[in-house]
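What follows is the content of input23.cif (mmCIF, C-alpha atoms).
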```
data_my_file
#
loop_
_atom_site.label_atom_id
_atom_site.label_comp_id
_atom_site.auth_asym_id
_atom_site.auth_seq_id
_atom_site.Cartn_x
_atom_site.Cartn_y
_atom_site.Cartn_z
CA MET L 1 0.00 0.00 0.00
CA SER L 2 1.58 3.25 -1.17
CA LEU L 3 1.18 6.60 0.55
CA LEU L 4 1.32 8.40 -2.79
CA PRO L 5 -1.56 8.20 -5.28
CA GLU L 6 -1.32 5.69 -8.11
CA ASP L 7 -2.29 8.22 -10.79
CA PRO L 8 0.89 9.97 -12.08
CA LYS L 9 -0.94 13.30 -12.36
CA ASP L 10 -2.11 13.15 -8.75
CA ARG L 11 1.37 12.09 -7.68
CA LYS L 12 2.85 15.22 -9.30
CA TYR L 13 0.36 17.43 -7.44
CA MET L 14 1.17 15.65 -4.17
CA MET L 15 4.93 16.04 -4.68
CA LEU L 16 4.53 19.72 -5.54
CA GLY L 17 2.52 20.24 -2.37
CA LEU L 18 5.14 18.49 -0.26
CA ARG L 19 7.90 20.60 -1.84
CA ILE L 20 5.94 23.77 -1.07
CA VAL L 21 5.40 22.79 2.56
CA GLY L 22 9.07 21.92 3.06
CA ASP L 23 10.34 24.97 1.25
CA PHE L 24 8.08 27.44 3.04
CA GLY L 25 8.81 25.83 6.40
CA ALA L 26 12.55 26.26 5.85
CA ILE L 27 12.11 29.81 4.52
CA ILE L 28 10.25 30.78 7.69
CA ALA L 29 12.21 28.85 10.32
CA VAL L 30 15.86 29.19 9.28
CA PRO L 31 16.11 33.00 9.01
CA ILE L 32 14.16 33.55 12.22
CA ILE L 33 16.30 31.12 14.21
CA VAL L 34 19.57 32.47 12.80
CA PHE L 35 18.67 36.15 13.19
CA VAL L 36 17.28 35.73 16.72
CA LEU L 37 20.44 33.89 17.78
CA ILE L 38 22.52 36.71 16.32
CA GLY L 39 20.32 39.24 18.14
CA GLN L 40 20.80 37.42 21.44
CA TRP L 41 24.55 37.25 20.87
CA LEU L 42 24.62 41.00 20.22
CA GLU L 43 22.63 41.60 23.40
CA GLY L 44 25.12 39.55 25.37
CA LYS L 45 27.97 41.55 23.89
CA TYR L 46 26.50 45.07 23.96
CA GLY L 47 23.47 44.91 26.27
CA HIS L 48 20.34 46.82 25.27
CA ALA L 49 18.07 43.80 25.82
CA PRO L 50 15.62 42.99 24.14
CA TRP L 51 16.10 45.43 21.26
CA PHE L 52 18.63 43.44 19.22
CA THR L 53 16.48 40.31 19.39
CA ILE L 54 13.30 42.17 18.48
CA SER L 55 15.03 43.95 15.60
CA ALA L 56 16.57 40.71 14.36
CA PHE L 57 13.18 38.96 14.50
CA LEU L 58 11.48 41.74 12.55
CA LEU L 59 14.23 41.73 9.93
CA ALA L 60 13.98 37.94 9.58
CA ALA L 61 10.19 38.13 9.29
CA PHE L 62 10.48 40.78 6.57
CA LEU L 63 13.05 38.76 4.62
CA SER L 64 10.99 35.57 4.98
CA THR L 65 7.93 37.40 3.68
CA LYS L 66 9.80 38.60 0.61
CA MET L 67 11.22 35.13 -0.08
CA ILE L 68 7.83 33.45 0.35
CA TYR L 69 6.23 35.93 -2.05
CA LYS L 70 8.83 35.18 -4.73
CA LYS L 71 8.60 31.41 -4.19
CA ALA L 72 4.78 31.52 -4.24
CA LYS L 73 4.88 33.16 -7.68
CA LEU L 74 7.24 30.46 -8.95
CA TYR L 75 5.15 27.66 -7.48
CA GLY L 76 2.02 29.24 -8.96
CA GLU L 77 3.58 29.12 -12.41
CA GLU L 78 4.66 25.52 -11.86
CA TYR L 79 1.13 24.60 -10.75
CA LYS L 80 -0.32 26.19 -13.88
CA LYS L 81 2.06 24.14 -16.02
CA LEU L 82 0.90 20.96 -14.28
CA ASP L 83 -2.70 22.02 -14.79
CA GLU L 84 -2.15 22.68 -18.53
CA LYS L 85 -0.80 19.17 -19.15
CA LYS L 86 -4.21 17.56 -18.53
#
```
Can the structure in the file be given as structure tokens, please?
Amino acid sequence: MSLLPEDPKDRKYMMLGLRIVGDFGAIIAVPIIVFVLIGQWLEGKYGHAPWFTISAFLLAAFLSTKMIYKKAKLYGEEYKKLDEKK
């Protein structure tokens, strides 16, 4: 018993969806974790808590938003190509 659908068309949709979930998860998580850690390191070095961490989080959120927007456009085009091949 396979977890993926038997129909090749459905399998392509499922794989695209899994790629989107993984990609967006990484785009959100990695910058936030890295930037917050850098913000905490800067606070330990210079003080001014919690301003470095808050600033780093906001910067990471902004960058993640921009990257998700660009990726969403690319995935939208890829989805349309899959839809046209019916």
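Of the listed residues (L:Tyr79, L:Tyr69, L:Phe52, L:Phe57), L:Tyr79 comes nearest to Gly17 of chain L; the distances count only C-alpha atoms.
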Original post:
Written as a list in words, which residues does the PyMOL selection byres ((chain L and resi 63) around 12) give for the file shown?
Top reply: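 Output from the PyMOL selection byres ((chain L and resi 63) around 12), applied to this file: Ile27, Ile28, Ala29, Val30, Pro31, Ile32, Phe35, Ala56, Phe57, Leu58, Leu59, Ala60, Ala61, Phe62, Ser64, Thr65, Lys66, Met67, Ile68, Tyr69 and Lys70 of chain L.
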Now that the selection is made, can you save its residues with C-alpha atoms as a PDB file, in the coordinates of the input?
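Result file follows (selection-v4.pdb):
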```
ATOM      1  CA  ILE L  27      12.110  29.810   4.520  1.00  0.00           C
ATOM      2  CA  ILE L  28      10.250  30.780   7.690  1.00  0.00           C
ATOM      3  CA  ALA L  29      12.210  28.850  10.320  1.00  0.00           C
ATOM      4  CA  VAL L  30      15.860  29.190   9.280  1.00  0.00           C
ATOM      5  CA  PRO L  31      16.110  33.000   9.010  1.00  0.00           C
ATOM      6  CA  ILE L  32      14.160  33.550  12.220  1.00  0.00           C
ATOM      7  CA  PHE L  35      18.670  36.150  13.190  1.00  0.00           C
ATOM      8  CA  ALA L  56      16.570  40.710  14.360  1.00  0.00           C
ATOM      9  CA  PHE L  57      13.180  38.960  14.500  1.00  0.00           C
ATOM     10  CA  LEU L  58      11.480  41.740  12.550  1.00  0.00           C
ATOM     11  CA  LEU L  59      14.230  41.730   9.930  1.00  0.00           C
ATOM     12  CA  ALA L  60      13.980  37.940   9.580  1.00  0.00           C
ATOM     13  CA  ALA L  61      10.190  38.130   9.290  1.00  0.00           C
ATOM     14  CA  PHE L  62      10.480  40.780   6.570  1.00  0.00           C
ATOM     15  CA  SER L  64      10.990  35.570   4.980  1.00  0.00           C
ATOM     16  CA  THR L  65       7.930  37.400   3.680  1.00  0.00           C
ATOM     17  CA  LYS L  66       9.800  38.600   0.610  1.00  0.00           C
ATOM     18  CA  MET L  67      11.220  35.130  -0.080  1.00  0.00           C
ATOM     19  CA  ILE L  68       7.830  33.450   0.350  1.00  0.00           C
ATOM     20  CA  TYR L  69       6.230  35.930  -2.050  1.00  0.00           C
ATOM     21  CA  LYS L  70       8.830  35.180  -4.730  1.00  0.00           C
TER      22      LYS L  70
END
```
Original post:
What is the distance between atom CA of Ile20 of chain L and atom CA of Glu84 of chain L, in Å to one decimal?
Top reply: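 Separating atom CA of Ile20 of chain L from atom CA of Glu84 of chain L is a distance of 19.3 Å.
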**OP:** Run the PyMOL selection byres ((chain L and resi 9) around 12) mentally over the shown coordinates, then write out the matched residues as a list in words, using the chain letters and numbers from the document.
**Re:** Leu4, Pro5, Glu6, Asp7, Pro8, Asp10, Arg11, Lys12, Tyr13, Met14, Met15, Leu16, Tyr79, Lys81, Leu82, Asp83, Glu84, Lys85 and Lys86 of chain L
**OP:** Provide the atom CA of Thr53 of chain L to atom CA of Ala72 of chain L distance in Å, to one decimal place.
**Re:** 27.8 Å
Original post:
Hey, can you check how far atom CA of Ala26 of chain L sits from atom CA of Leu3 of chain L?
Top reply: 23.3 Å
